[in-house]
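Containing mmCIF, C-alpha atoms and all ligand atoms: upload.cif.
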```cif
data_run
#
loop_
_atom_site.label_atom_id
_atom_site.label_comp_id
_atom_site.auth_asym_id
_atom_site.auth_seq_id
_atom_site.Cartn_x
_atom_site.Cartn_y
_atom_site.Cartn_z
CA MET A 1 -4.02 4.17 -30.78
CA PRO A 2 -6.38 3.97 -33.76
CA ALA A 3 -4.86 4.90 -37.14
CA LEU A 4 -7.56 7.55 -37.39
CA VAL A 5 -5.84 9.71 -34.78
CA PHE A 6 -2.55 9.37 -36.62
CA ASP A 7 -4.28 10.51 -39.83
CA GLU A 8 -5.89 13.38 -37.94
CA MET A 9 -2.47 14.54 -36.76
CA LYS A 10 -1.10 14.31 -40.31
CA ARG A 11 -4.02 16.35 -41.61
CA TYR A 12 -3.70 18.94 -38.86
CA LEU A 13 0.04 19.35 -39.47
CA GLY A 14 -0.45 19.36 -43.24
CA PHE A 15 1.95 16.46 -43.64
CA ASP A 16 1.68 15.42 -47.31
CA ASP A 17 3.33 13.45 -50.12
CA GLU A 18 5.69 16.29 -50.85
CA ASP A 19 6.95 16.05 -47.25
CA ALA A 20 7.37 12.32 -47.73
CA ARG A 21 9.47 12.88 -50.85
CA ALA A 22 11.57 15.58 -49.20
CA LEU A 23 12.35 13.26 -46.29
CA ARG A 24 13.06 10.32 -48.59
CA ALA A 25 15.68 12.44 -50.31
CA LEU A 26 17.50 12.84 -46.97
CA ALA A 27 18.03 9.11 -46.37
CA GLY A 28 21.34 8.83 -48.24
CA PRO A 29 22.92 12.13 -47.19
CA LEU A 30 22.08 11.58 -43.49
CA GLU A 31 23.22 7.95 -43.28
CA PRO A 32 26.85 8.89 -42.33
CA HIS A 33 25.46 10.94 -39.40
CA VAL A 34 23.26 8.25 -37.85
CA THR A 35 25.91 6.52 -35.71
CA GLY A 36 27.18 9.82 -34.28
CA ILE A 37 23.67 11.06 -33.45
CA VAL A 38 22.82 7.78 -31.70
CA ALA A 39 26.10 7.82 -29.74
CA ARG A 40 25.53 11.39 -28.53
CA PHE A 41 21.87 10.66 -27.72
CA TYR A 42 22.81 7.81 -25.41
CA GLU A 43 25.81 9.68 -23.96
CA ARG A 44 23.27 12.25 -22.77
CA VAL A 45 20.89 9.53 -21.52
CA VAL A 46 23.68 7.90 -19.48
CA ALA A 47 25.03 11.24 -18.17
CA ASP A 48 21.69 12.55 -16.90
CA PRO A 49 20.60 11.12 -13.53
CA GLY A 50 16.90 11.12 -14.51
CA THR A 51 17.36 9.00 -17.64
CA ARG A 52 20.30 7.03 -16.24
CA ALA A 53 17.97 5.77 -13.47
CA VAL A 54 15.67 4.32 -16.14
CA LEU A 55 18.58 2.49 -17.69
CA SER A 56 20.17 1.21 -14.50
CA ALA A 57 18.81 -2.29 -14.98
CA GLU A 58 19.25 -2.15 -18.73
CA LEU A 59 22.83 -0.92 -19.24
CA ALA A 60 23.66 -4.25 -20.79
CA GLU A 61 20.93 -3.53 -23.31
CA LEU A 62 22.60 -0.32 -24.43
CA PRO A 63 23.97 -1.70 -27.73
CA ALA A 64 20.50 -3.07 -28.57
CA LEU A 65 18.86 0.25 -27.64
CA LYS A 66 21.35 2.08 -29.85
CA ARG A 67 20.50 -0.20 -32.76
CA THR A 68 16.80 0.43 -32.13
CA LEU A 69 17.30 4.19 -32.19
CA ALA A 70 19.43 3.98 -35.35
CA ASP A 71 16.63 1.98 -37.04
CA TRP A 72 14.13 4.53 -35.82
CA LEU A 73 16.19 7.37 -37.30
CA ARG A 74 16.50 5.57 -40.64
CA GLY A 75 12.76 4.93 -40.55
CA LEU A 76 12.20 8.71 -40.50
CA PHE A 77 13.65 8.92 -44.00
CA ALA A 78 12.18 5.75 -45.51
CA GLY A 79 9.50 7.77 -47.28
CA ASP A 80 6.52 5.57 -46.36
CA TYR A 81 4.40 6.90 -43.51
CA GLY A 82 1.36 4.71 -43.89
CA GLU A 83 -0.30 2.02 -41.79
CA ALA A 84 2.84 -0.13 -41.23
CA TYR A 85 4.85 2.91 -40.11
CA HIS A 86 2.13 3.90 -37.68
CA ARG A 87 1.84 0.38 -36.24
CA LYS A 88 5.59 0.11 -35.65
CA ARG A 89 6.01 3.58 -34.10
CA ALA A 90 2.92 3.09 -31.90
CA GLN A 91 4.93 0.54 -29.88
CA ILE A 92 7.39 3.14 -28.57
CA GLY A 93 5.13 4.81 -26.01
CA ARG A 94 4.25 1.40 -24.56
CA ALA A 95 7.94 0.42 -24.45
CA HIS A 96 8.74 3.58 -22.50
CA VAL A 97 5.97 2.91 -19.99
CA ARG A 98 7.42 -0.57 -19.57
CA ALA A 99 10.86 0.96 -19.04
CA GLY A 100 9.50 3.49 -16.51
CA LEU A 101 10.67 6.50 -18.54
CA PRO A 102 8.87 9.63 -17.30
CA GLN A 103 6.86 11.23 -20.09
CA HIS A 104 8.60 14.60 -20.17
CA TYR A 105 11.92 13.02 -21.14
CA MET A 106 10.42 12.03 -24.47
CA VAL A 107 9.65 15.67 -25.20
CA ALA A 108 13.15 16.75 -24.17
CA ALA A 109 14.82 13.89 -26.07
CA MET A 110 12.81 14.63 -29.21
CA GLU A 111 14.06 18.21 -29.10
CA LEU A 112 17.66 16.96 -28.98
CA VAL A 113 16.97 14.64 -31.91
CA ARG A 114 15.55 17.58 -33.87
CA LEU A 115 18.60 19.77 -33.20
CA GLU A 116 20.95 16.95 -34.15
CA LEU A 117 19.13 16.17 -37.39
CA GLU A 118 18.88 19.83 -38.38
CA ALA A 119 22.59 20.32 -37.78
CA ALA A 120 23.28 17.18 -39.83
CA ILE A 121 21.08 18.45 -42.68
CA GLY A 122 22.97 21.75 -42.48
CA ALA A 123 26.22 19.84 -42.96
CA THR A 124 25.01 18.02 -46.09
CA ALA A 125 25.06 19.29 -49.62
CA VAL A 126 21.34 18.63 -50.24
CA ARG A 127 19.27 21.29 -51.95
CA GLY A 128 16.10 22.86 -50.54
CA LYS A 129 17.20 22.52 -46.92
CA ARG A 130 14.50 24.80 -45.50
CA ARG A 131 11.78 22.77 -47.19
CA LYS A 132 13.34 19.54 -45.96
CA ILE A 133 13.75 20.83 -42.40
CA ALA A 134 10.10 21.95 -42.39
CA ALA A 135 9.05 18.41 -43.45
CA LEU A 136 11.28 16.93 -40.76
CA ARG A 137 9.73 19.14 -38.07
CA ARG A 138 6.26 18.04 -39.10
CA LEU A 139 7.26 14.38 -38.96
CA LEU A 140 8.95 14.77 -35.56
CA ALA A 141 5.82 16.47 -34.22
CA LEU A 142 3.84 13.49 -35.53
CA GLU A 143 6.27 11.10 -33.88
CA LEU A 144 6.09 12.94 -30.57
CA GLY A 145 2.31 13.10 -30.67
CA LEU A 146 2.13 9.39 -31.35
CA MET A 147 4.66 8.59 -28.65
CA LEU A 148 2.84 10.68 -26.02
CA GLU A 149 -0.59 9.35 -26.97
CA THR A 150 0.45 5.69 -26.90
CA TYR A 151 2.36 6.35 -23.68
CA ARG A 152 -0.79 7.81 -22.10
CA GLU A 153 -2.93 4.89 -23.25
CA SER A 154 -0.50 2.28 -22.07
CA TYR A 155 0.04 4.08 -18.76
CA ALA A 156 -3.71 4.28 -18.08
CA GLN A 157 -4.10 0.61 -18.99
CA THR A 158 -1.27 -0.40 -16.66
CA ALA A 159 -2.73 1.69 -13.84
CA ARG A 160 -6.20 0.19 -14.38
CA GLN A 161 -4.73 -3.30 -14.39
CA GLY A 162 -2.80 -2.48 -11.20
CA GLU A 163 -5.99 -1.25 -9.52
CA ARG A 164 -7.89 -4.34 -10.65
CA ASP A 165 -5.13 -6.61 -9.34
CA ALA A 166 -5.05 -4.80 -6.00
CA MET A 167 -8.83 -4.92 -5.72
CA GLU A 168 -8.92 -8.64 -6.52
CA ALA A 169 -6.17 -9.31 -4.00
CA ARG A 170 -8.14 -7.39 -1.34
CA LEU A 171 -11.29 -9.30 -2.20
CA ARG A 172 -9.53 -12.66 -2.01
CA GLU A 173 -8.03 -11.64 1.33
CA THR A 174 -11.42 -10.54 2.68
CA GLU A 175 -13.06 -13.78 1.53
CA LYS A 176 -10.28 -15.81 3.07
CA LEU A 177 -10.62 -13.93 6.35
CA ALA A 178 -14.39 -14.31 6.31
CA GLN A 179 -14.03 -18.06 5.81
CA ILE A 180 -11.41 -18.37 8.51
CA GLY A 181 -13.63 -16.27 10.78
CA GLN A 182 -16.66 -18.50 10.22
CA LEU A 183 -14.64 -21.63 10.65
CA SER A 184 -13.01 -20.33 13.81
CA ALA A 185 -16.34 -19.30 15.27
CA ALA A 186 -17.84 -22.72 14.59
CA LEU A 187 -14.79 -24.45 16.02
CA ALA A 188 -14.67 -22.18 19.05
CA HIS A 189 -18.31 -22.91 19.73
CA GLU A 190 -17.68 -26.66 19.57
CA ILE A 191 -14.72 -26.39 21.93
CA LYS A 192 -16.29 -24.06 24.49
CA ASN A 193 -18.75 -26.44 26.18
CA PRO A 194 -16.56 -29.57 26.42
CA LEU A 195 -13.80 -27.35 27.77
CA ALA A 196 -16.10 -26.05 30.50
CA GLY A 197 -17.00 -29.69 31.31
CA ILE A 198 -13.35 -30.73 31.52
CA SER A 199 -12.51 -27.72 33.67
CA GLY A 200 -15.38 -28.54 36.07
CA ALA A 201 -14.33 -32.20 36.34
CA ILE A 202 -10.69 -31.33 36.99
CA GLN A 203 -11.73 -28.84 39.67
CA ILE A 204 -13.77 -31.55 41.39
CA ILE A 205 -10.87 -34.03 41.27
CA ARG A 206 -8.44 -31.38 42.48
CA GLY A 207 -10.86 -30.38 45.24
CA SER A 208 -10.71 -33.94 46.52
CA LEU A 209 -6.93 -33.73 46.87
CA LYS A 210 -4.96 -31.89 49.48
CA PRO A 211 -2.38 -29.24 48.55
CA GLY A 212 0.93 -31.04 48.57
CA GLN A 213 -0.45 -34.34 47.33
CA PRO A 214 1.46 -35.47 44.22
CA HIS A 215 -1.16 -34.61 41.60
CA TRP A 216 -2.51 -31.44 43.18
CA SER A 217 -0.10 -29.05 41.44
CA VAL A 218 -0.24 -30.99 38.16
CA LEU A 219 -3.99 -30.48 38.07
CA GLY A 220 -3.44 -26.81 38.90
CA GLU A 221 -1.24 -26.54 35.81
CA VAL A 222 -3.91 -28.34 33.75
CA LEU A 223 -6.49 -25.80 34.92
CA GLN A 224 -4.23 -22.93 33.94
CA GLN A 225 -3.82 -24.36 30.45
CA ILE A 226 -7.59 -24.84 30.21
CA ASN A 227 -8.00 -21.17 31.17
CA ARG A 228 -5.68 -20.17 28.40
CA LEU A 229 -7.60 -22.23 25.88
CA ASP A 230 -10.81 -20.73 27.18
CA ARG A 231 -9.47 -17.20 26.65
CA THR A 232 -8.45 -18.03 23.08
CA VAL A 233 -11.82 -19.54 22.32
CA LYS A 234 -13.61 -16.53 23.79
CA ASP A 235 -11.39 -14.17 21.75
CA LEU A 236 -12.26 -16.08 18.63
CA LEU A 237 -15.97 -15.88 19.35
CA VAL A 238 -15.80 -12.17 20.17
CA TYR A 239 -13.90 -11.50 16.98
CA ALA A 240 -15.94 -13.71 14.68
CA ARG A 241 -19.35 -12.80 16.12
CA PRO A 242 -19.06 -9.33 17.59
CA LYS A 243 -22.05 -8.05 19.51
CA PRO A 244 -23.34 -4.58 18.67
CA PRO A 245 -22.39 -2.22 21.51
CA ARG A 246 -25.02 -1.62 24.16
CA LEU A 247 -24.67 2.04 24.89
CA GLY A 248 -24.76 3.50 28.33
CA ARG A 249 -22.95 6.21 30.26
CA CYS A 250 -19.32 5.23 30.56
CA ASP A 251 -16.84 6.96 32.84
CA LEU A 252 -13.59 6.32 31.03
CA SER A 253 -11.32 7.61 33.79
CA ALA A 254 -12.95 5.25 36.29
CA VAL A 255 -12.53 2.31 33.89
CA ILE A 256 -8.86 3.17 33.36
CA GLU A 257 -8.15 3.50 37.09
CA ARG A 258 -9.87 0.21 37.82
CA LEU A 259 -7.94 -1.65 35.10
CA LEU A 260 -4.63 -0.14 36.13
CA GLY A 261 -5.39 -1.18 39.73
CA LEU A 262 -6.06 -4.75 38.57
CA LEU A 263 -2.93 -4.87 36.44
CA ARG A 264 -0.70 -3.56 39.24
CA LYS A 265 -1.66 -6.65 41.23
CA GLU A 266 -0.61 -8.98 38.40
CA PRO A 267 3.06 -10.07 38.25
CA ALA A 268 3.46 -8.70 34.69
CA GLY A 269 2.03 -5.31 35.67
CA ALA A 270 3.80 -5.07 39.02
CA ARG A 271 7.27 -5.01 37.42
CA ILE A 272 6.60 -1.78 35.47
CA HIS A 273 5.15 1.67 36.16
CA LEU A 274 1.54 2.12 35.08
CA GLU A 275 0.40 5.72 34.78
CA HIS A 276 -2.80 7.52 33.95
CA HIS A 277 -2.33 11.06 32.69
CA ALA A 278 -5.45 13.16 32.12
CA VAL A 279 -4.30 15.86 29.68
CA THR A 280 -7.75 17.47 29.90
CA PRO A 281 -10.78 16.41 31.94
CA VAL A 282 -12.75 13.74 30.10
CA PRO A 283 -16.55 13.74 30.24
CA THR A 284 -18.57 10.52 30.40
CA ILE A 285 -19.18 9.10 26.96
CA MET A 286 -21.96 6.98 25.51
CA ALA A 287 -20.37 3.57 25.02
CA ASP A 288 -20.60 -0.10 25.87
CA ALA A 289 -18.65 -0.18 29.15
CA ASN A 290 -17.80 -3.89 28.83
CA GLN A 291 -16.43 -3.47 25.35
CA ILE A 292 -14.47 -0.38 26.29
CA GLU A 293 -13.03 -2.28 29.22
CA GLN A 294 -12.02 -5.11 26.90
CA LEU A 295 -10.50 -2.61 24.45
CA LEU A 296 -8.45 -0.96 27.15
CA MET A 297 -7.42 -4.23 28.71
CA ASN A 298 -6.15 -5.56 25.37
CA LEU A 299 -4.19 -2.38 24.69
CA LEU A 300 -2.73 -2.31 28.19
CA LEU A 301 -1.77 -6.00 28.11
CA ASN A 302 0.01 -5.52 24.78
CA ALA A 303 1.88 -2.53 26.17
CA VAL A 304 2.79 -4.36 29.38
CA GLN A 305 3.98 -7.44 27.51
CA ALA A 306 6.17 -5.33 25.21
CA SER A 307 7.80 -3.49 28.16
CA ASP A 308 11.01 -4.21 30.04
CA GLU A 309 11.15 -4.19 33.82
CA ASN A 310 10.81 -0.72 35.39
CA SER A 311 9.75 0.96 32.17
CA THR A 312 6.55 2.99 32.00
CA VAL A 313 3.23 2.33 30.34
CA ARG A 314 1.09 5.43 30.17
CA VAL A 315 -2.56 6.00 29.35
CA SER A 316 -3.22 9.61 28.38
CA THR A 317 -6.72 10.92 27.96
CA SER A 318 -8.04 14.16 26.52
CA ALA A 319 -11.27 15.46 25.04
CA ASP A 320 -12.69 18.16 22.82
CA ASN A 321 -16.33 19.04 22.16
CA ALA A 322 -17.07 15.94 20.14
CA HIS A 323 -14.40 13.30 20.85
CA ILE A 324 -12.24 11.74 23.47
CA ARG A 325 -8.71 10.67 22.71
CA LEU A 326 -7.02 7.87 24.49
CA VAL A 327 -3.34 7.14 23.95
CA VAL A 328 -1.58 4.06 25.32
CA THR A 329 2.18 4.49 25.16
CA ASP A 330 4.92 2.05 26.02
CA ARG A 331 8.69 2.29 25.89
CA GLY A 332 9.07 -1.33 24.87
CA CYS A 333 10.54 -3.18 21.93
CA GLY A 334 8.33 -1.46 19.32
CA MET A 335 7.45 -2.89 15.93
CA GLU A 336 8.93 -2.81 12.45
CA ALA A 337 6.84 -0.83 9.93
CA GLU A 338 5.49 -4.02 8.30
CA GLU A 339 4.55 -5.47 11.71
CA ALA A 340 2.76 -2.24 12.72
CA ARG A 341 0.94 -2.16 9.39
CA ARG A 342 -0.30 -5.73 9.84
CA ALA A 343 -0.98 -5.53 13.57
CA LEU A 344 -4.71 -5.01 13.04
CA GLU A 345 -4.99 -8.02 10.74
CA PRO A 346 -6.64 -11.00 12.41
CA PHE A 347 -4.37 -13.93 13.24
CA PHE A 348 -1.23 -11.89 12.65
CA THR A 349 0.95 -12.20 15.72
CA THR A 350 4.62 -12.13 16.58
CA LYS A 351 4.03 -13.35 20.13
CA ALA A 352 4.75 -17.00 20.83
CA ARG A 353 1.53 -17.31 22.83
CA GLY A 354 -0.73 -14.76 21.16
CA THR A 355 -3.90 -15.56 19.23
CA GLY A 356 -3.40 -12.62 16.89
CA LEU A 357 -6.84 -11.37 17.79
CA GLY A 358 -6.21 -8.81 20.55
CA LEU A 359 -5.75 -5.78 18.32
CA PRO A 360 -8.29 -6.85 15.66
CA ILE A 361 -10.87 -7.13 18.47
CA CYS A 362 -9.87 -3.63 19.58
CA GLN A 363 -10.38 -2.39 16.06
CA LYS A 364 -13.82 -3.96 15.82
CA ILE A 365 -14.86 -2.41 19.13
CA VAL A 366 -13.55 1.00 18.12
CA GLU A 367 -15.23 0.85 14.72
CA ALA A 368 -18.51 -0.27 16.27
CA HIS A 369 -18.29 2.88 18.40
CA ASP A 370 -17.73 4.98 15.29
CA GLY A 371 -14.16 5.68 16.32
CA GLN A 372 -10.64 5.24 14.97
CA ILE A 373 -7.56 3.39 16.07
CA VAL A 374 -4.04 4.28 14.89
CA ILE A 375 -0.82 2.48 15.71
CA ASP A 376 2.48 4.29 15.67
CA SER A 377 5.55 2.27 16.50
CA THR A 378 9.33 2.53 16.28
CA PRO A 379 11.54 -0.51 16.80
CA GLY A 380 13.58 -0.15 19.97
CA THR A 381 11.67 2.97 21.08
CA GLY A 382 8.15 1.77 21.77
CA SER A 383 4.60 1.94 20.52
CA GLU A 384 1.75 4.38 20.78
CA VAL A 385 -1.82 3.34 20.11
CA THR A 386 -4.27 6.21 19.73
CA VAL A 387 -7.99 5.61 20.00
CA THR A 388 -10.42 8.38 19.13
CA LEU A 389 -14.06 7.88 20.13
CA PRO A 390 -17.01 10.20 19.62
CA LEU A 391 -18.70 11.37 22.81
CA ARG A 392 -21.82 9.86 21.24
CA PRO A 393 -21.50 7.25 18.49
CA SER A 394 -23.87 7.67 15.56
CA PRO A 395 -27.10 5.74 16.38
CA ARG A 396 -27.15 3.54 13.22
CA GLU A 397 -23.94 1.81 14.28
CA THR A 398 -25.14 0.82 17.71
CA ALA A 399 -27.86 -0.75 19.79
CA GLU A 400 -29.07 1.58 22.54
CA ARG A 401 -29.34 0.02 25.95
CA PRO A 402 -33.06 -0.29 26.78
C1 LIG A 501 13.03 10.83 -29.14
C2 LIG A 501 13.22 10.05 -28.14
C3 LIG A 501 13.19 8.56 -28.16
C4 LIG A 501 12.90 7.70 -29.18
C5 LIG A 501 12.58 8.04 -30.63
C6 LIG A 501 12.98 6.36 -28.65
C7 LIG A 501 12.77 5.22 -29.40
C8 LIG A 501 12.63 3.96 -28.85
C9 LIG A 501 12.25 2.78 -29.58
C10 LIG A 501 11.98 2.74 -31.08
C11 LIG A 501 12.18 1.76 -28.72
C12 LIG A 501 11.81 0.29 -29.02
C13 LIG A 501 10.30 0.15 -28.94
C14 LIG A 501 9.79 -1.26 -29.19
O1 LIG A 501 10.03 -2.13 -28.32
O2 LIG A 501 9.15 -1.46 -30.20
C15 LIG A 501 12.54 2.28 -27.41
C16 LIG A 501 12.63 1.55 -26.29
C17 LIG A 501 13.25 2.01 -25.16
N1 LIG A 501 13.64 3.31 -24.91
FE1 LIG A 501 13.46 4.85 -26.11
N2 LIG A 501 13.32 6.43 -27.34
C18 LIG A 501 13.45 7.76 -27.01
C19 LIG A 501 13.80 8.26 -25.79
C20 LIG A 501 14.27 7.47 -24.79
C21 LIG A 501 14.91 7.98 -23.62
C22 LIG A 501 15.22 9.46 -23.31
C23 LIG A 501 15.21 6.94 -22.86
C24 LIG A 501 15.90 7.06 -21.53
C25 LIG A 501 16.34 6.12 -20.80
C26 LIG A 501 14.73 5.73 -23.53
C27 LIG A 501 14.79 4.42 -23.06
C28 LIG A 501 14.26 3.33 -23.68
C29 LIG A 501 14.23 1.99 -23.10
C30 LIG A 501 14.79 1.58 -21.76
C31 LIG A 501 13.59 1.17 -24.05
C32 LIG A 501 13.34 -0.33 -23.91
C33 LIG A 501 11.98 -0.56 -23.31
C34 LIG A 501 11.54 -2.02 -23.35
O3 LIG A 501 11.66 -2.67 -24.39
O4 LIG A 501 11.03 -2.49 -22.31
N3 LIG A 501 14.17 6.11 -24.69
N4 LIG A 501 12.80 3.61 -27.55
#
```

For this file, produce the structure as structure tokens.
Ligand code: HEM
Amino acid sequence: MPALVFDEMKRYLGFDDEDARALRALAGPLEPHVTGIVARFYERVVADPGTRAVLSAELAELPALKRTLADWLRGLFAGDYGEAYHRKRAQIGRAHVRAGLPQHYMVAAMELVRLELEAAIGATAVRGKRRKIAALRRLLALELGLMLETYRESYAQTARQGERDAMEARLRETEKLAQIGQLSAALAHEIKNPLAGISGAIQIIRGSLKPGQPHWSVLGEVLQQINRLDRTVKDLLVYARPKPPRLGRCDLSAVIERLLGLLRKEPAGARIHLEHHAVTPVPTIMADANQIEQLLMNLLLNAVQASDENSTVRVSTSADNAHIRLVVTDRGCGMEAEEARRALEPFFTTKARGTGLGLPICQKIVEAHDGQIVIDSTPGTGSEVTVTLPLRPSPRETAERP
């Protein structure tokens, strides 16, 4: 805080040389009281849960803090309240921000200090006590003003720094993801065509063999692995170079029924119950049917993979005048809070075979349709993914189907 403000406070309070002399005269008589005042001050600090919490990591520092407060008390009666005094006392607010002391405790603690010092003055034999107490009150008001002002400044500075740090961290993360995205897209593109060539060649070789011949099943396994690679590469391309949605009429219920039908025929889907529950009738929406199908398929596959045998995966749908809501619920293993928070981050996966792109792709699709996706998960209880889509996405976000 600039010295100017300190001088302003002095002027406003009428703190003058006579006050300085009156306080200077208290130094000797109050000295025997300093240790007791400090001891009682910190007894109160330790006894009160609010201030004790601030000290919890610093209890070992208590003797040093007591010495600091004793010095501070002596400083009140040193008689010199100029530039050096201001500079020294201006550190206290910052120290309290560092310590995490809530601001109001300074006001309360200053009141206790005032009562203690006034009682101590009362117990001395000094003359002109009322005049001296008046000078002390002015100085303590100055001290409190300075403490609060420097606290405010330091607090704002810390908060600004915190915001800057968080912003920079976000920016670095975004840049990193953008780079990874570009790199992945380029790599995926390079892999896609040779992979198709290899797959074609293997199919030809396998076609020339008879089922049961020694290499027939080996080549079948190779083809399966190629398929997996192909899916990963396609995911990468979809994520890194998303296409704007091509809007058309999309019957969500029909898409859901079709996907559930497909999944029931798959071994993973056949071992659990797959349900569609229409809470309210759902009108057709304007959306890219392929992308919505991909969105739903990703959500359903996640739910199915998280589920134990015989448990239920449910898709609930409802609508109001402007939106449809689609909730995919499973009773599977669920996710820890940190996992759920990061689930929409690209390349974050806890699955041994996942690409970490399923949910991020879902998010991109939902956002491109002007919608929202929210994940709610409890470990051991299951997960619920809620997608809200407008009946009609806003036109600027999308490319209308010609
Ligand atoms: C009138 C009230 C108070 C006064 C005059 C006062 C005075 C001081 C002074 C002079 C310092 C050293 C500043 C420096 O590093 O230059 C300090 C630091 C500290 N004070 Fe206070 N204090 C007050 C209230 C409190 C209260 C109620 C607590 C409660 C826990 C507290 C906790 C601390 C802590 C933990 C530090 C060390 C901070 C650090 O160095 O990181 N203070 N205080």

Per-residue nearest contacts of chain A to ligand LIG 501 (chain A) (7 Å; all atoms listed in the file) as CSV:
```
residue,atom,partner,partner_atom,distance
A:Val45,CA,A:LIG501,C24,5.6
A:Thr51,CA,A:LIG501,C25,4.4
A:Arg52,CA,A:LIG501,C25,6.1
A:Val54,CA,A:LIG501,C25,5.0
A:Leu55,CA,A:LIG501,C25,5.3
A:Glu58,CA,A:LIG501,C30,6.6
A:Leu65,CA,A:LIG501,C17,6.4
A:Thr68,CA,A:LIG501,C10,5.4
A:Leu69,CA,A:LIG501,C7,5.4
A:Trp72,CA,A:LIG501,C10,5.5
A:Lys88,CA,A:LIG501,O2,6.7
A:Arg89,CA,A:LIG501,C10,6.7
A:Gln91,CA,A:LIG501,O2,4.7
A:Ile92,CA,A:LIG501,C13,4.2
A:Ala95,CA,A:LIG501,C33,4.3
A:His96,CA,A:LIG501,C33,5.3
A:Arg98,CA,A:LIG501,O4,4.9
A:Ala99,CA,A:LIG501,C33,4.7
A:Leu101,CA,A:LIG501,C24,6.1
A:Tyr105,CA,A:LIG501,C22,5.3
A:Met106,CA,A:LIG501,C2,5.0
A:Ala109,CA,A:LIG501,C2,4.6
A:Met110,CA,A:LIG501,C1,3.8
A:Val113,CA,A:LIG501,C1,6.1
```

Selection to disk with C-alpha atoms, as an mmCIF file, keeping the file's coordinate frame:
```
data_model
loop_
_atom_site.group_PDB
_atom_site.id
_atom_site.type_symbol
_atom_site.label_atom_id
_atom_site.label_comp_id
_atom_site.auth_asym_id
_atom_site.auth_seq_id
_atom_site.Cartn_x
_atom_site.Cartn_y
_atom_site.Cartn_z
ATOM 1 C CA VAL A 45 20.890 9.530 -21.520
ATOM 2 C CA THR A 51 17.360 9.000 -17.640
ATOM 3 C CA ARG A 52 20.300 7.030 -16.240
ATOM 4 C CA VAL A 54 15.670 4.320 -16.140
ATOM 5 C CA LEU A 55 18.580 2.490 -17.690
ATOM 6 C CA GLU A 58 19.250 -2.150 -18.730
ATOM 7 C CA LEU A 65 18.860 0.250 -27.640
ATOM 8 C CA THR A 68 16.800 0.430 -32.130
ATOM 9 C CA LEU A 69 17.300 4.190 -32.190
ATOM 10 C CA TRP A 72 14.130 4.530 -35.820
ATOM 11 C CA LYS A 88 5.590 0.110 -35.650
ATOM 12 C CA ARG A 89 6.010 3.580 -34.100
ATOM 13 C CA GLN A 91 4.930 0.540 -29.880
ATOM 14 C CA ILE A 92 7.390 3.140 -28.570
ATOM 15 C CA ALA A 95 7.940 0.420 -24.450
ATOM 16 C CA HIS A 96 8.740 3.580 -22.500
ATOM 17 C CA ARG A 98 7.420 -0.570 -19.570
ATOM 18 C CA ALA A 99 10.860 0.960 -19.040
ATOM 19 C CA LEU A 101 10.670 6.500 -18.540
ATOM 20 C CA TYR A 105 11.920 13.020 -21.140
ATOM 21 C CA MET A 106 10.420 12.030 -24.470
ATOM 22 C CA ALA A 109 14.820 13.890 -26.070
ATOM 23 C CA MET A 110 12.810 14.630 -29.210
ATOM 24 C CA VAL A 113 16.970 14.640 -31.910
#
```

| remark: re CA of Phe77 in chain A and CA of Leu26 in chain A: distance 6.2 Å

| CA of Ile37 in chain A to CA of Glu116 in chain A, distance in Å rounded to a single decimal | 6.5 Å

| said: Give me, as a PyMOL selection string, all polymer residues having an atom no more than 8 Å from Leu236 in chain A, counting all atoms listed in the file and skipping those fewer than 2 positions away in the same chain. | reply: chain A and resi 181+184-185+188+232-234+238-240+357

| task | Could you give me, as an NGL selection string, the residues within 9 Å of Ala343 in chain A, counting all atoms listed in the file and dropping anything in the same chain fewer than 5 positions from it? | result | :A and (338 or 348-349 or 356 or 359-360 or 375)

| Which residue, A:Leu148, A:Ala120, A:Gly261, A:Tyr42, has the smallest gap to Leu59 in chain A when you use only C-alpha atoms? |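 Comparing A:Leu148, A:Ala120, A:Gly261, A:Tyr42 against Leu59 in chain A, the winner is A:Tyr42.
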
| said: Counting only C-alpha atoms, which residue out of A:Ser307, A:Asn302, A:Ser253, A:Gln103 sits closest to Val282 in chain A? | reply: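 Closest to Val282 in chain A, using only C-alpha atoms: A:Ser253.
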
| Exercise: Ser199 in chain A partners within 8 Å, all atoms listed in the file, chain neighbours under 3 positions left out, as an MDAnalysis selection string | chainID A and resid 195:196 202:203 223 226

| Atom pair CA of Lys364 in chain A / CA of Arg341 in chain A: separation (Å) |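 Between these atoms lies a distance of 16.2 Å.
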
Find the residues near Gly382 in chain A: any atom within 8 Å, counting all atoms listed in the file, skip ones fewer than 3 places away on the same chain, and give them as a JSON list (two decimals) with C-alpha atoms, keeping the file's coordinate frame.
```json
[["chain", "number", "residue", "atom", "x", "y", "z"],
["A", 329, "THR", "CA", 2.18, 4.49, 25.16],
["A", 330, "ASP", "CA", 4.92, 2.05, 26.02],
["A", 331, "ARG", "CA", 8.69, 2.29, 25.89],
["A", 332, "GLY", "CA", 9.07, -1.33, 24.87],
["A", 333, "CYS", "CA", 10.54, -3.18, 21.93],
["A", 334, "GLY", "CA", 8.33, -1.46, 19.32],
["A", 335, "MET", "CA", 7.45, -2.89, 15.93],
["A", 377, "SER", "CA", 5.55, 2.27, 16.50],
["A", 378, "THR", "CA", 9.33, 2.53, 16.28],
["A", 379, "PRO", "CA", 11.54, -0.51, 16.80]]
```

| said: Show me, as JSON, numbers by chain, the residues that have an atom within 8 Å of range 18-22 of chain A when counting only C-alpha atoms, minus same-chain residues fewer than 2 positions from it. | reply: {"A": [15, 16, 24, 25, 26, 79, 80, 81, 131, 132, 135, 136]}
